[in-house]
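Asker: One structure follows; several queries about it will come next.
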Amino acid sequence: MTGSMAAETRLWTPEGFREDEWTHAESAEALAGNGRFILPLQAFLGLDPEVRKSARERIGVLLQPGDELEKITGLLDQLSLVALAFPAFNDGRSFSKGELLRSRHHFEGAVRATGQVLVDQLPHMLRLGFDEFEVSNPVLLKRLEEGRIGGLPVYYQPAVDREAKGPKYSWRRKRSG
């Protein structure tokens, strides 16, 4: 194969592929235009508090693995989306942030995975509370187009996505769906 071809990135949710309403921006100047923007942490923190409140539905924040979740936990009511970066397949810090956003901080907005979203990670991300995925991995794109999410049929640990109550160890259940 000659030449370089940029990897296609598509937005996938458990309901299927959809058009992405969000644009990644480098600075707060993007907010002058129309649309919804995902800002890097420092750009988000640098916004005037009144701007954050009034533009809540248009502002998302991107956290890199080294960014501290605590920097936004008091501001979650001013966000409708938190994007968590997976720049390398072997860096799992964003998994923990996604789970903490849902379980400890009760964030109800969208939690999005960006970067290296891989086939074997997707089912785990879903269980931790991620609900949007920027997918560019060709194998994962093909499987999602075929409706194959993958994963293991039985879980032995609790997750954000709780199963119905049952006998002892209600979290030890077969995967739904």
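Within each chain, counting starts at residue 1; across the structure tokens, chains are named A, B, ... in the order shown, with ligands numbered 1 upward in that order.
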A:Pro40: which residues within 12 Å, counting only C-alpha atoms, same-chain residues fewer than 4 positions away excluded, as a ChimeraX atom specification?

Answerer: /A:23-28,30,44-47,59-64,67,72,82-85

Asker: Can you pull out every residue from stretch 4-169 of chain A that DSSP, working from the backbone, puts in helix (DSSP H, G or I), and format the result as a PyMOL selection string?

Answerer: chain A and resi 28-32+41-45+49-54+56-58+70-73+76-78+93-103+122-128+138-145

Asker: Report, in Å to a single decimal, how far apart atom CA of A:Lys142 and atom CA of A:Glu15 are.

Answerer: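 Here the two named atoms are 15.8 Å from each other.
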
Asker: So that I can see what lies close to A:Arg58, please list as a ChimeraX atom specification the residues with an atom at most 7 Å from it, counting only C-alpha atoms and leaving out residues fewer than 3 positions away in the same chain.

Answerer: /A:35-37,55

Asker: Restricting it to C-alpha atoms, dump the selection as a JSON list (two decimals), in the first residue's frame.

Answerer:
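The new file part.json reads:
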[["chain", "number", "residue", "atom", "x", "y", "z"],
["A", 35, "GLY", "CA", -21.68, 24.23, 17.87],
["A", 36, "ARG", "CA", -20.54, 22.01, 20.69],
["A", 37, "PHE", "CA", -16.86, 21.91, 21.61],
["A", 55, "ALA", "CA", -22.76, 27.43, 27.70]]

Asker: Would you kindly return, as an mmCIF file with N, CA, C and O atoms, in the first residue's frame, each protein, DNA or RNA residue with an atom no farther than 8 Å from any atom of stretch 108-113 of chain A, considering only C-alpha atoms and excluding same-chain residues fewer than 5 positions away?

Answerer:
data_model
loop_
_atom_site.group_PDB
_atom_site.id
_atom_site.type_symbol
_atom_site.label_atom_id
_atom_site.label_comp_id
_atom_site.auth_asym_id
_atom_site.auth_seq_id
_atom_site.Cartn_x
_atom_site.Cartn_y
_atom_site.Cartn_z
ATOM 1 N N LEU A 79 -20.890 20.768 32.850
ATOM 2 C CA LEU A 79 -20.452 19.978 31.698
ATOM 3 C C LEU A 79 -21.552 19.033 31.242
ATOM 4 O O LEU A 79 -22.261 18.464 32.066
ATOM 5 N N SER A 80 -21.659 18.847 29.929
ATOM 6 C CA SER A 80 -22.585 17.837 29.426
ATOM 7 C C SER A 80 -21.833 16.654 28.833
ATOM 8 O O SER A 80 -22.440 15.655 28.492
ATOM 9 N N LEU A 81 -20.482 16.771 28.743
ATOM 10 C CA LEU A 81 -19.677 15.682 28.214
ATOM 11 C C LEU A 81 -18.278 15.737 28.816
ATOM 12 O O LEU A 81 -17.695 16.805 28.942
ATOM 13 N N VAL A 82 -17.779 14.570 29.214
ATOM 14 C CA VAL A 82 -16.383 14.435 29.618
ATOM 15 C C VAL A 82 -15.769 13.392 28.697
ATOM 16 O O VAL A 82 -16.244 12.253 28.628
ATOM 17 N N ALA A 83 -14.746 13.807 27.951
ATOM 18 C CA ALA A 83 -14.022 12.898 27.061
ATOM 19 C C ALA A 83 -12.747 12.471 27.775
ATOM 20 O O ALA A 83 -12.037 13.303 28.334
ATOM 21 N N LEU A 84 -12.488 11.179 27.771
ATOM 22 C CA LEU A 84 -11.298 10.632 28.419
ATOM 23 C C LEU A 84 -10.405 10.027 27.350
ATOM 24 O O LEU A 84 -10.839 9.189 26.566
ATOM 25 N N ALA A 85 -9.155 10.478 27.341
ATOM 26 C CA ALA A 85 -8.218 10.084 26.291
ATOM 27 C C ALA A 85 -7.531 8.765 26.618
ATOM 28 O O ALA A 85 -7.140 8.523 27.760
ATOM 29 N N PHE A 86 -7.404 7.953 25.585
ATOM 30 C CA PHE A 86 -6.642 6.708 25.623
ATOM 31 C C PHE A 86 -5.574 6.816 24.540
ATOM 32 O O PHE A 86 -5.725 6.266 23.455
ATOM 33 N N GLY A 98 -13.315 7.104 34.221
ATOM 34 C CA GLY A 98 -14.680 6.867 33.755
ATOM 35 C C GLY A 98 -15.539 6.227 34.831
ATOM 36 O O GLY A 98 -16.675 6.634 35.063
ATOM 37 N N ARG A 102 -18.896 8.019 37.155
ATOM 38 C CA ARG A 102 -20.241 7.451 37.330
ATOM 39 C C ARG A 102 -20.525 7.046 38.777
ATOM 40 O O ARG A 102 -21.543 7.415 39.341
ATOM 41 N N GLY A 129 -19.214 2.587 32.484
ATOM 42 C CA GLY A 129 -20.043 3.776 32.366
ATOM 43 C C GLY A 129 -19.773 4.646 31.150
ATOM 44 O O GLY A 129 -20.416 5.676 30.982
ATOM 45 N N PHE A 130 -18.838 4.252 30.287
ATOM 46 C CA PHE A 130 -18.634 5.004 29.044
ATOM 47 C C PHE A 130 -19.852 4.784 28.156
ATOM 48 O O PHE A 130 -20.385 3.683 28.094
ATOM 49 N N ASP A 131 -20.292 5.834 27.474
ATOM 50 C CA ASP A 131 -21.455 5.665 26.604
ATOM 51 C C ASP A 131 -21.259 6.243 25.206
ATOM 52 O O ASP A 131 -22.158 6.173 24.382
ATOM 53 N N GLU A 132 -20.077 6.798 24.928
ATOM 54 C CA GLU A 132 -19.739 7.272 23.594
ATOM 55 C C GLU A 132 -18.296 6.899 23.304
ATOM 56 O O GLU A 132 -17.449 6.948 24.198
ATOM 57 N N PHE A 133 -18.018 6.582 22.035
ATOM 58 C CA PHE A 133 -16.692 6.108 21.657
ATOM 59 C C PHE A 133 -16.297 6.681 20.307
ATOM 60 O O PHE A 133 -17.037 6.519 19.337
ATOM 61 N N GLU A 134 -15.142 7.347 20.255
ATOM 62 C CA GLU A 134 -14.569 7.773 18.983
ATOM 63 C C GLU A 134 -13.706 6.612 18.509
ATOM 64 O O GLU A 134 -12.647 6.351 19.063
#
